[in-house]
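Participant: My structure is stored as query-v6.txt, with compact mmCIF, N, CA, C and O atoms.
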# COMPACT_ATOMS: atom_id res chain seq x y z
N LEU A 1 0.83 -1.21 0.00
CA LEU A 1 0.00 0.00 0.00
C LEU A 1 0.86 1.26 0.00
O LEU A 1 0.55 2.22 -0.68
N GLY A 2 1.96 1.23 0.75
CA GLY A 2 2.85 2.38 0.81
C GLY A 2 3.42 2.75 -0.55
O GLY A 2 3.73 3.91 -0.82
N ASN A 3 3.56 1.74 -1.42
CA ASN A 3 4.11 2.00 -2.75
C ASN A 3 3.24 2.97 -3.55
O ASN A 3 3.76 3.75 -4.34
N ILE A 4 1.94 2.90 -3.34
CA ILE A 4 1.03 3.81 -4.03
C ILE A 4 1.35 5.25 -3.66
O ILE A 4 1.43 6.13 -4.52
N TYR A 5 1.54 5.49 -2.37
CA TYR A 5 1.78 6.85 -1.90
C TYR A 5 3.14 7.37 -2.33
O TYR A 5 3.27 8.55 -2.64
N ILE A 6 4.15 6.51 -2.36
CA ILE A 6 5.47 6.97 -2.80
C ILE A 6 5.44 7.31 -4.28
O ILE A 6 6.02 8.32 -4.70
N VAL A 7 4.73 6.53 -5.08
CA VAL A 7 4.61 6.83 -6.51
C VAL A 7 3.87 8.15 -6.70
O VAL A 7 4.30 9.00 -7.50
N LEU A 8 2.77 8.33 -5.97
CA LEU A 8 2.04 9.60 -6.07
C LEU A 8 2.92 10.78 -5.63
O LEU A 8 2.96 11.81 -6.30
N GLY A 9 3.63 10.59 -4.52
CA GLY A 9 4.51 11.66 -4.05
C GLY A 9 5.58 12.00 -5.07
O GLY A 9 5.85 13.17 -5.32
N ASN A 10 6.16 10.98 -5.68
CA ASN A 10 7.19 11.21 -6.70
C ASN A 10 6.60 11.93 -7.91
O ASN A 10 7.25 12.83 -8.47
N CYS A 11 5.40 11.55 -8.31
CA CYS A 11 4.76 12.21 -9.45
C CYS A 11 4.50 13.68 -9.15
O CYS A 11 4.80 14.56 -9.95
N TYR A 12 3.93 13.94 -7.97
CA TYR A 12 3.68 15.34 -7.57
C TYR A 12 4.99 16.12 -7.49
O TYR A 12 5.06 17.27 -7.92
N ASN A 13 6.02 15.50 -6.95
CA ASN A 13 7.31 16.16 -6.84
C ASN A 13 7.84 16.49 -8.24
O ASN A 13 8.31 17.61 -8.48
N ASP A 14 7.75 15.54 -9.15
CA ASP A 14 8.21 15.78 -10.53
C ASP A 14 7.44 16.91 -11.20
O ASP A 14 7.98 17.63 -12.03
N LEU A 15 6.17 17.04 -10.84
CA LEU A 15 5.32 18.10 -11.40
C LEU A 15 5.47 19.41 -10.62
O LEU A 15 4.80 20.40 -10.92
N ASN A 16 6.33 19.41 -9.61
CA ASN A 16 6.57 20.56 -8.74
C ASN A 16 5.32 20.96 -7.95
O ASN A 16 5.16 22.11 -7.58
N LYS A 17 4.45 19.97 -7.70
CA LYS A 17 3.29 20.17 -6.82
C LYS A 17 3.74 19.76 -5.42
O LYS A 17 3.47 18.65 -4.96
N LEU A 18 4.44 20.68 -4.78
CA LEU A 18 5.19 20.34 -3.57
C LEU A 18 4.31 20.05 -2.37
O LEU A 18 4.62 19.16 -1.57
N ASN A 19 3.20 20.78 -2.20
CA ASN A 19 2.32 20.51 -1.07
C ASN A 19 1.71 19.12 -1.18
O ASN A 19 1.62 18.39 -0.18
N GLU A 20 1.30 18.75 -2.40
CA GLU A 20 0.73 17.42 -2.61
C GLU A 20 1.78 16.34 -2.38
O GLU A 20 1.50 15.30 -1.77
N ALA A 21 3.00 16.58 -2.87
CA ALA A 21 4.09 15.62 -2.67
C ALA A 21 4.37 15.44 -1.18
O ALA A 21 4.49 14.31 -0.69
N GLU A 22 4.45 16.54 -0.46
CA GLU A 22 4.71 16.48 0.99
C GLU A 22 3.62 15.66 1.68
O GLU A 22 3.91 14.81 2.54
N SER A 23 2.38 15.88 1.29
CA SER A 23 1.26 15.14 1.89
C SER A 23 1.39 13.64 1.65
O SER A 23 1.17 12.82 2.57
N GLU A 24 1.75 13.24 0.44
CA GLU A 24 1.91 11.81 0.13
C GLU A 24 3.07 11.21 0.91
O GLU A 24 2.97 10.10 1.43
N TYR A 25 4.18 11.95 1.02
CA TYR A 25 5.32 11.45 1.79
C TYR A 25 4.98 11.37 3.28
O TYR A 25 5.43 10.45 3.97
N ASN A 26 4.17 12.31 3.77
CA ASN A 26 3.70 12.23 5.17
C ASN A 26 2.94 10.92 5.38
O ASN A 26 3.12 10.25 6.41
N THR A 27 2.09 10.56 4.43
CA THR A 27 1.34 9.31 4.52
C THR A 27 2.28 8.12 4.53
O THR A 27 2.10 7.17 5.32
N CYS A 28 3.28 8.14 3.67
CA CYS A 28 4.27 7.06 3.65
C CYS A 28 4.92 6.88 5.01
O CYS A 28 5.07 5.75 5.50
N ILE A 29 5.31 7.99 5.63
CA ILE A 29 5.99 7.94 6.92
C ILE A 29 5.04 7.43 8.01
O ILE A 29 5.44 6.66 8.88
N LYS A 30 3.76 7.83 7.93
CA LYS A 30 2.78 7.32 8.90
C LYS A 30 2.63 5.81 8.78
O LYS A 30 2.46 5.11 9.77
N LEU A 31 2.69 5.31 7.56
CA LEU A 31 2.52 3.87 7.32
C LEU A 31 3.78 3.07 7.67
O LEU A 31 3.70 1.91 8.06
N ASN A 32 4.96 3.69 7.48
CA ASN A 32 6.22 3.00 7.75
C ASN A 32 7.29 4.02 8.10
O ASN A 32 8.00 4.53 7.23
N ALA A 33 7.41 4.28 9.39
CA ALA A 33 8.34 5.31 9.87
C ALA A 33 9.79 4.85 9.85
O ALA A 33 10.67 5.62 10.21
N ASP A 34 10.05 3.63 9.40
CA ASP A 34 11.42 3.10 9.40
C ASP A 34 12.05 3.08 8.01
O ASP A 34 13.13 2.52 7.85
N ASP A 35 11.41 3.69 7.03
CA ASP A 35 11.95 3.69 5.66
C ASP A 35 12.68 5.00 5.41
O ASP A 35 12.07 6.06 5.31
N ALA A 36 14.00 4.91 5.31
CA ALA A 36 14.84 6.10 5.13
C ALA A 36 14.47 6.88 3.88
O ALA A 36 14.54 8.12 3.86
N ASP A 37 14.07 6.18 2.84
CA ASP A 37 13.77 6.83 1.57
C ASP A 37 12.60 7.81 1.69
O ASP A 37 12.60 8.85 1.04
N TYR A 38 11.62 7.50 2.52
CA TYR A 38 10.48 8.40 2.68
C TYR A 38 10.93 9.74 3.28
O TYR A 38 10.49 10.80 2.84
N TYR A 39 11.81 9.67 4.26
CA TYR A 39 12.34 10.91 4.86
C TYR A 39 13.19 11.68 3.86
O TYR A 39 13.15 12.91 3.80
N PHE A 40 13.96 10.93 3.07
CA PHE A 40 14.80 11.57 2.06
C PHE A 40 13.93 12.34 1.06
O PHE A 40 14.20 13.50 0.76
N LYS A 41 12.90 11.67 0.56
CA LYS A 41 12.03 12.30 -0.44
C LYS A 41 11.36 13.55 0.13
O LYS A 41 11.29 14.59 -0.53
N ARG A 42 10.86 13.44 1.37
CA ARG A 42 10.21 14.61 1.97
C ARG A 42 11.22 15.72 2.23
O ARG A 42 10.91 16.91 2.04
N ALA A 43 12.45 15.37 2.59
CA ALA A 43 13.49 16.37 2.81
C ALA A 43 13.77 17.17 1.54
O ALA A 43 13.98 18.38 1.59
N ILE A 44 13.77 16.48 0.40
CA ILE A 44 14.00 17.17 -0.87
C ILE A 44 12.87 18.17 -1.14
O ILE A 44 13.11 19.30 -1.57
N VAL A 45 11.64 17.76 -0.86
CA VAL A 45 10.50 18.67 -1.01
C VAL A 45 10.65 19.87 -0.08
O VAL A 45 10.47 21.02 -0.51
N PHE A 46 11.02 19.63 1.18
CA PHE A 46 11.24 20.73 2.10
C PHE A 46 12.33 21.67 1.56
O PHE A 46 12.20 22.89 1.66
N GLY A 47 13.38 21.12 1.01
CA GLY A 47 14.44 21.95 0.44
C GLY A 47 13.93 22.82 -0.70
O GLY A 47 14.24 24.01 -0.77
N LYS A 48 13.13 22.23 -1.57
CA LYS A 48 12.55 23.00 -2.68
C LYS A 48 11.65 24.11 -2.17
O LYS A 48 11.54 25.16 -2.80
N LYS A 49 11.02 23.89 -1.01
CA LYS A 49 10.13 24.88 -0.41
C LYS A 49 10.91 25.87 0.47
O LYS A 49 10.31 26.69 1.14
N GLN A 50 12.25 25.76 0.47
CA GLN A 50 13.11 26.63 1.27
C GLN A 50 12.90 26.43 2.77
O GLN A 50 13.16 27.33 3.57
N LYS A 51 12.42 25.26 3.17
CA LYS A 51 12.24 24.92 4.58
C LYS A 51 13.44 24.07 5.00
O LYS A 51 13.34 22.86 5.19
N PHE A 52 14.58 24.74 5.14
CA PHE A 52 15.84 24.02 5.31
C PHE A 52 15.98 23.35 6.67
O PHE A 52 16.63 22.32 6.78
N GLU A 53 15.38 23.93 7.72
CA GLU A 53 15.45 23.28 9.03
C GLU A 53 14.70 21.95 9.01
O GLU A 53 15.17 20.95 9.57
N GLN A 54 13.52 21.93 8.37
CA GLN A 54 12.76 20.69 8.26
C GLN A 54 13.49 19.68 7.36
O GLN A 54 13.51 18.48 7.64
N SER A 55 14.10 20.19 6.31
CA SER A 55 14.88 19.33 5.42
C SER A 55 16.04 18.70 6.19
O SER A 55 16.27 17.48 6.12
N LEU A 56 16.76 19.51 6.93
CA LEU A 56 17.88 19.03 7.74
C LEU A 56 17.43 17.95 8.71
O LEU A 56 18.07 16.90 8.86
N SER A 57 16.30 18.17 9.37
CA SER A 57 15.77 17.22 10.33
C SER A 57 15.45 15.88 9.66
O SER A 57 15.83 14.81 10.16
N ASP A 58 14.76 15.92 8.52
CA ASP A 58 14.42 14.68 7.82
C ASP A 58 15.66 13.96 7.30
O ASP A 58 15.73 12.73 7.33
N LEU A 59 16.64 14.71 6.83
CA LEU A 59 17.86 14.08 6.33
C LEU A 59 18.64 13.41 7.46
O LEU A 59 19.23 12.35 7.28
N THR A 60 18.60 14.01 8.63
CA THR A 60 19.25 13.41 9.79
C THR A 60 18.56 12.09 10.16
O THR A 60 19.24 11.08 10.42
N VAL A 61 17.24 12.07 10.14
CA VAL A 61 16.50 10.82 10.40
C VAL A 61 16.84 9.78 9.33
O VAL A 61 17.10 8.61 9.63
N CYS A 62 16.88 10.21 8.08
CA CYS A 62 17.22 9.32 6.96
C CYS A 62 18.57 8.65 7.21
O CYS A 62 18.70 7.43 7.07
N ILE A 63 19.54 9.44 7.59
CA ILE A 63 20.90 8.93 7.82
C ILE A 63 20.95 8.02 9.05
O ILE A 63 21.66 7.01 9.06
N GLU A 64 20.17 8.36 10.08
CA GLU A 64 20.11 7.49 11.26
C GLU A 64 19.54 6.12 10.88
O GLU A 64 20.00 5.09 11.37
N LEU A 65 18.53 6.12 10.01
CA LEU A 65 17.91 4.86 9.58
C LEU A 65 18.80 4.08 8.62
O LEU A 65 18.78 2.86 8.61
N ASN A 66 19.56 4.82 7.79
CA ASN A 66 20.43 4.17 6.81
C ASN A 66 21.73 4.97 6.69
O ASN A 66 21.83 5.88 5.87
N PRO A 67 22.73 4.64 7.52
CA PRO A 67 23.99 5.38 7.50
C PRO A 67 24.74 5.31 6.17
O PRO A 67 25.68 6.08 5.95
N ASN A 68 24.35 4.43 5.28
CA ASN A 68 25.00 4.32 3.97
C ASN A 68 24.28 5.09 2.87
O ASN A 68 24.59 4.90 1.69
N TYR A 69 23.35 5.92 3.21
CA TYR A 69 22.57 6.71 2.23
C TYR A 69 23.40 7.93 1.85
O TYR A 69 23.16 9.04 2.33
N HIS A 70 24.42 7.72 1.00
CA HIS A 70 25.39 8.78 0.72
C HIS A 70 24.78 10.04 0.12
O HIS A 70 25.23 11.14 0.39
N GLU A 71 23.75 9.89 -0.68
CA GLU A 71 23.10 11.07 -1.27
C GLU A 71 22.48 11.95 -0.18
O GLU A 71 22.46 13.18 -0.29
N ALA A 72 22.00 11.35 0.89
CA ALA A 72 21.41 12.11 2.00
C ALA A 72 22.46 12.98 2.69
O ALA A 72 22.16 14.10 3.11
N TYR A 73 23.68 12.48 2.79
CA TYR A 73 24.75 13.30 3.38
C TYR A 73 24.99 14.55 2.53
O TYR A 73 25.17 15.65 3.07
N TYR A 74 25.00 14.38 1.23
CA TYR A 74 25.19 15.54 0.35
C TYR A 74 24.09 16.57 0.57
O TYR A 74 24.36 17.75 0.79
N TRP A 75 22.84 16.11 0.52
CA TRP A 75 21.72 17.05 0.66
C TRP A 75 21.66 17.65 2.06
O TRP A 75 21.23 18.79 2.23
N ARG A 76 22.11 16.89 3.08
CA ARG A 76 22.17 17.47 4.42
C ARG A 76 23.21 18.59 4.45
O ARG A 76 23.00 19.63 5.07
N GLY A 77 24.31 18.39 3.73
CA GLY A 77 25.30 19.47 3.60
C GLY A 77 24.72 20.69 2.92
O GLY A 77 24.97 21.82 3.33
N VAL A 78 23.91 20.47 1.89
CA VAL A 78 23.25 21.58 1.19
C VAL A 78 22.32 22.32 2.14
O VAL A 78 22.30 23.56 2.18
N ALA A 79 21.53 21.57 2.92
CA ALA A 79 20.63 22.21 3.89
C ALA A 79 21.43 23.02 4.90
O ALA A 79 21.08 24.16 5.22
N LYS A 80 22.55 22.44 5.40
CA LYS A 80 23.39 23.16 6.36
C LYS A 80 23.95 24.43 5.74
O LYS A 80 24.00 25.48 6.39
N LEU A 81 24.38 24.34 4.50
CA LEU A 81 24.92 25.51 3.80
C LEU A 81 23.87 26.62 3.77
O LEU A 81 24.18 27.79 4.04
N ASN A 82 22.63 26.28 3.46
CA ASN A 82 21.55 27.26 3.42
C ASN A 82 21.20 27.81 4.80
O ASN A 82 20.65 28.92 4.89
N LEU A 83 21.51 27.07 5.84
CA LEU A 83 21.26 27.52 7.21
C LEU A 83 22.50 28.17 7.82
O LEU A 83 22.53 28.48 9.01
N LYS A 84 23.51 28.38 7.00
CA LYS A 84 24.77 29.00 7.43
C LYS A 84 25.49 28.16 8.49
O LYS A 84 26.13 28.69 9.39
N LEU A 85 25.36 26.83 8.34
CA LEU A 85 26.08 25.89 9.19
C LEU A 85 27.19 25.24 8.37
O LEU A 85 27.16 25.28 7.14
N ASN A 86 28.15 24.63 9.04
CA ASN A 86 29.27 24.02 8.33
C ASN A 86 28.82 22.71 7.66
O ASN A 86 28.47 21.76 8.36
N PRO A 87 28.90 22.63 6.33
CA PRO A 87 28.45 21.44 5.61
C PRO A 87 29.56 20.43 5.34
O PRO A 87 29.31 19.36 4.77
N CYS A 88 30.79 20.73 5.73
CA CYS A 88 31.94 19.99 5.22
C CYS A 88 31.98 18.52 5.63
O CYS A 88 32.36 17.67 4.83
N SER A 89 31.58 18.21 6.85
CA SER A 89 31.63 16.80 7.26
C SER A 89 30.65 15.97 6.42
O SER A 89 30.98 14.85 6.02
N ASP A 90 29.49 16.53 6.12
CA ASP A 90 28.52 15.79 5.29
C ASP A 90 29.01 15.67 3.85
O ASP A 90 28.91 14.60 3.25
N PHE A 91 29.50 16.76 3.30
CA PHE A 91 30.04 16.68 1.94
C PHE A 91 31.19 15.67 1.86
O PHE A 91 31.30 14.93 0.90
N ASN A 92 32.01 15.64 2.91
CA ASN A 92 33.14 14.73 2.94
C ASN A 92 32.69 13.27 2.92
O ASN A 92 33.25 12.44 2.19
N VAL A 93 31.67 12.93 3.71
CA VAL A 93 31.17 11.55 3.74
C VAL A 93 30.67 11.15 2.35
O VAL A 93 31.00 10.08 1.84
N ALA A 94 29.86 12.01 1.75
CA ALA A 94 29.30 11.70 0.42
C ALA A 94 30.40 11.65 -0.64
O ALA A 94 30.37 10.80 -1.53
N ALA A 95 31.38 12.54 -0.54
CA ALA A 95 32.48 12.56 -1.52
C ALA A 95 33.33 11.30 -1.41
O ALA A 95 33.77 10.76 -2.43
N ARG A 96 33.54 10.82 -0.18
CA ARG A 96 34.31 9.58 0.00
C ARG A 96 33.60 8.39 -0.63
O ARG A 96 34.23 7.39 -0.94
N ARG A 97 32.32 8.53 -0.82
CA ARG A 97 31.55 7.46 -1.47
C ARG A 97 31.34 7.76 -2.95
O ARG A 97 30.46 7.20 -3.60
N TYR A 98 32.13 8.69 -3.45
CA TYR A 98 32.19 9.02 -4.88
C TYR A 98 30.87 9.58 -5.42
O TYR A 98 30.55 9.38 -6.58
N TYR A 99 30.12 10.30 -4.58
CA TYR A 99 28.93 10.99 -5.06
C TYR A 99 29.39 12.30 -5.67
O TYR A 99 29.83 13.21 -4.96
N GLU A 100 29.35 12.38 -6.98
CA GLU A 100 30.01 13.46 -7.74
C GLU A 100 29.60 14.87 -7.29
O GLU A 100 30.48 15.73 -7.14
N PRO A 101 28.31 15.17 -7.08
CA PRO A 101 27.99 16.54 -6.61
C PRO A 101 28.67 16.87 -5.29
O PRO A 101 29.05 18.03 -5.06
N ALA A 102 28.87 15.88 -4.44
CA ALA A 102 29.54 16.12 -3.16
C ALA A 102 31.02 16.38 -3.35
O ALA A 102 31.61 17.21 -2.64
N VAL A 103 31.62 15.70 -4.30
CA VAL A 103 33.04 15.94 -4.60
C VAL A 103 33.24 17.40 -5.00
O VAL A 103 34.14 18.08 -4.52
N LYS A 104 32.35 17.89 -5.87
CA LYS A 104 32.42 19.28 -6.33
C LYS A 104 32.14 20.25 -5.18
O LYS A 104 32.82 21.27 -5.03
N ALA A 105 31.12 19.95 -4.37
CA ALA A 105 30.76 20.82 -3.25
C ALA A 105 31.91 20.90 -2.23
O ALA A 105 32.21 21.97 -1.71
N LEU A 106 32.53 19.75 -1.98
CA LEU A 106 33.65 19.72 -1.06
C LEU A 106 34.79 20.63 -1.54
O LEU A 106 35.35 21.41 -0.78
N ALA A 107 35.06 20.57 -2.83
CA ALA A 107 36.11 21.41 -3.42
C ALA A 107 35.74 22.90 -3.36
O ALA A 107 36.60 23.76 -3.13
N ASN A 108 34.45 23.21 -3.54
CA ASN A 108 34.01 24.61 -3.58
C ASN A 108 33.86 25.24 -2.21
O ASN A 108 34.13 26.43 -2.04
N TYR A 109 33.41 24.49 -1.21
CA TYR A 109 33.02 25.08 0.07
C TYR A 109 33.91 24.70 1.23
O TYR A 109 33.80 25.29 2.30
N CYS A 110 34.79 23.72 1.04
CA CYS A 110 35.56 23.20 2.17
C CYS A 110 37.04 23.14 1.84
O CYS A 110 37.61 22.06 1.72
N LYS A 111 37.64 24.29 1.69
CA LYS A 111 39.06 24.34 1.31
C LYS A 111 39.95 24.42 2.52
O LYS A 111 39.60 24.86 3.56
Now that the file is in, can you turn its structure into structure tokens?
Facilitator:
Amino acid sequence: LGNIYIVLGNCYNDLNKLNEAESEYNTCIKLNADDADYYFKRAIVFGKKQKFEQSLSDLTVCIELNPNYHEAYYWRGVAKLNLKLNPCSDFNVAARRYYEPAVKALANYCK
């Protein structure tokens, strides 16, 4: 059943219907609060909505649930950057896992 909501959330996100996407991801989390991907998807929506504190919070939960979610480290660094916090440790983790945007971000922001 959760798959229906994640597909809907992804479709709304792709269409930039961010409130609808957030609502579908909220439903996913209510149905299964242990799936890191649901928090990741909602964090991206929060980022698009410029809600960086909420994005940071969801990305932290995502990483707690799945410490190997290297893309989440990159986006957590982006959220920190927007909140004027130091993003370098997160960019470093993602860059060590060869996530290309993190490699570039590390070079640009963490000299």
Participant: Show me the residues around (14.0, 22.8, 2.9) - criterion: an atom at most 12 Å away, only C-alpha atoms counted - as an NGL selection string.
Facilitator: :A and (18 or 22 or 40-59 or 75-83)
Participant: Please, which residues are within 8 Å of (30.5, 12.5, -0.1) by the file's coordinates, counting all atoms listed in the file, and could they come as a list in words?
Facilitator: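 The requested residues, written out, are His70, Glu71, Tyr73, Tyr74, Cys88, Ser89, Asp90, Phe91, Asn92, Val93, Ala94, Ala95, Arg96, Arg97, Tyr98, Tyr99, Glu100, Pro101, Ala102, Val103 and Leu106 of chain A.
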Participant: Provide the atom CA of Asp34 of chain A to atom CA of Asn13 of chain A distance in Å, to one decimal place.
Facilitator: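 Atom-to-atom, atom CA of Asp34 of chain A to atom CA of Asn13 of chain A, that is 21.2 Å.
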Participant: For a quick check of understanding, using only C-alpha atoms, which of A:Asn16, A:Asn26, A:Asn68, A:Asn108 has the smallest distance to Tyr38 of chain A?
Facilitator: A:Asn26
Participant: So the first atom is atom O of Thr27 of chain A and the second is atom O of Tyr12 of chain A; what is the distance between them in Å, to one decimal place?
Facilitator: 16.9 Å
Participant: Box in all listed atoms of segment 20-27 of chain A, axis-aligned, with 3 Å more on each side; write out centre and edge lengths in Å to one decimal as JSON.
Facilitator:
{"center_x": 3.1, "center_y": 13.0, "center_z": 1.8, "size_x": 10.7, "size_y": 17.6, "size_z": 15.3}
Participant: Distance atom CA of Lys84 of chain A-atom O of Ala72 of chain A, one decimal place?
Facilitator: 15.7 Å
Participant: Taking only C-alpha atoms into account, name the residue in A:Cys62, A:Ala21, A:Ala36, A:Leu31 that is nearest to Leu8 of chain A.
Facilitator: A:Ala21
Participant: Start from the incomplete input, build all heavy atoms for segment 35-44 of chain A, and deliver everything as a short mmCIF file (atom, residue, chain, number, x, y, z; two decimals), in the coordinates of the input.
Facilitator:
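Final file, rebuild_19.cif:
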data_model
loop_
_atom_site.label_atom_id
_atom_site.label_comp_id
_atom_site.auth_asym_id
_atom_site.auth_seq_id
_atom_site.Cartn_x
_atom_site.Cartn_y
_atom_site.Cartn_z
N ASP A 35 11.41 3.69 7.03
CA ASP A 35 11.95 3.69 5.66
C ASP A 35 12.68 5.00 5.41
O ASP A 35 12.07 6.06 5.31
CB ASP A 35 10.81 3.51 4.65
CG ASP A 35 11.33 3.22 3.25
OD1 ASP A 35 12.29 3.89 2.82
OD2 ASP A 35 10.77 2.34 2.58
N ALA A 36 14.00 4.91 5.31
CA ALA A 36 14.84 6.10 5.13
C ALA A 36 14.47 6.88 3.88
O ALA A 36 14.54 8.12 3.86
CB ALA A 36 16.31 5.70 5.08
N ASP A 37 14.07 6.18 2.84
CA ASP A 37 13.77 6.83 1.57
C ASP A 37 12.60 7.81 1.69
O ASP A 37 12.60 8.85 1.04
CB ASP A 37 13.47 5.79 0.49
CG ASP A 37 13.66 6.35 -0.91
OD1 ASP A 37 14.64 7.10 -1.14
OD2 ASP A 37 12.81 6.06 -1.77
N TYR A 38 11.62 7.50 2.52
CA TYR A 38 10.48 8.40 2.68
C TYR A 38 10.93 9.74 3.28
O TYR A 38 10.49 10.80 2.84
CB TYR A 38 9.41 7.77 3.57
CG TYR A 38 8.78 6.52 3.03
CD1 TYR A 38 8.15 5.62 3.88
CD2 TYR A 38 8.83 6.20 1.67
CE1 TYR A 38 7.56 4.45 3.39
CE2 TYR A 38 8.25 5.03 1.18
CZ TYR A 38 7.62 4.17 2.05
OH TYR A 38 7.04 3.03 1.58
N TYR A 39 11.81 9.67 4.26
CA TYR A 39 12.34 10.91 4.86
C TYR A 39 13.19 11.68 3.86
O TYR A 39 13.15 12.91 3.80
CB TYR A 39 13.14 10.60 6.13
CG TYR A 39 12.29 10.09 7.25
CD1 TYR A 39 12.12 8.72 7.45
CD2 TYR A 39 11.63 10.96 8.11
CE1 TYR A 39 11.33 8.24 8.48
CE2 TYR A 39 10.84 10.49 9.14
CZ TYR A 39 10.68 9.13 9.31
OH TYR A 39 9.89 8.65 10.32
N PHE A 40 13.96 10.93 3.07
CA PHE A 40 14.80 11.57 2.06
C PHE A 40 13.93 12.34 1.06
O PHE A 40 14.20 13.50 0.76
CB PHE A 40 15.66 10.54 1.33
CG PHE A 40 16.51 11.14 0.26
CD1 PHE A 40 17.69 11.79 0.57
CD2 PHE A 40 16.12 11.09 -1.07
CE1 PHE A 40 18.47 12.37 -0.42
CE2 PHE A 40 16.89 11.66 -2.06
CZ PHE A 40 18.08 12.31 -1.74
N LYS A 41 12.90 11.67 0.56
CA LYS A 41 12.03 12.30 -0.44
C LYS A 41 11.36 13.55 0.13
O LYS A 41 11.29 14.59 -0.53
CB LYS A 41 10.96 11.32 -0.92
CG LYS A 41 11.50 10.07 -1.56
CD LYS A 41 11.90 10.31 -2.96
CE LYS A 41 12.23 8.99 -3.66
NZ LYS A 41 12.58 9.18 -5.03
N ARG A 42 10.86 13.44 1.37
CA ARG A 42 10.21 14.61 1.97
C ARG A 42 11.22 15.72 2.23
O ARG A 42 10.91 16.91 2.04
CB ARG A 42 9.50 14.21 3.27
CG ARG A 42 8.62 15.33 3.81
CD ARG A 42 7.78 14.89 4.96
NE ARG A 42 8.61 14.62 6.14
CZ ARG A 42 8.12 14.30 7.33
NH1 ARG A 42 6.81 14.18 7.51
NH2 ARG A 42 8.92 14.08 8.34
N ALA A 43 12.45 15.37 2.59
CA ALA A 43 13.49 16.37 2.81
C ALA A 43 13.77 17.17 1.54
O ALA A 43 13.98 18.38 1.59
CB ALA A 43 14.77 15.70 3.31
N ILE A 44 13.77 16.48 0.40
CA ILE A 44 14.00 17.17 -0.87
C ILE A 44 12.87 18.17 -1.14
O ILE A 44 13.11 19.30 -1.57
CB ILE A 44 14.15 16.16 -2.03
CG1 ILE A 44 15.38 15.27 -1.80
CG2 ILE A 44 14.21 16.87 -3.37
CD1 ILE A 44 16.70 16.00 -1.63
#
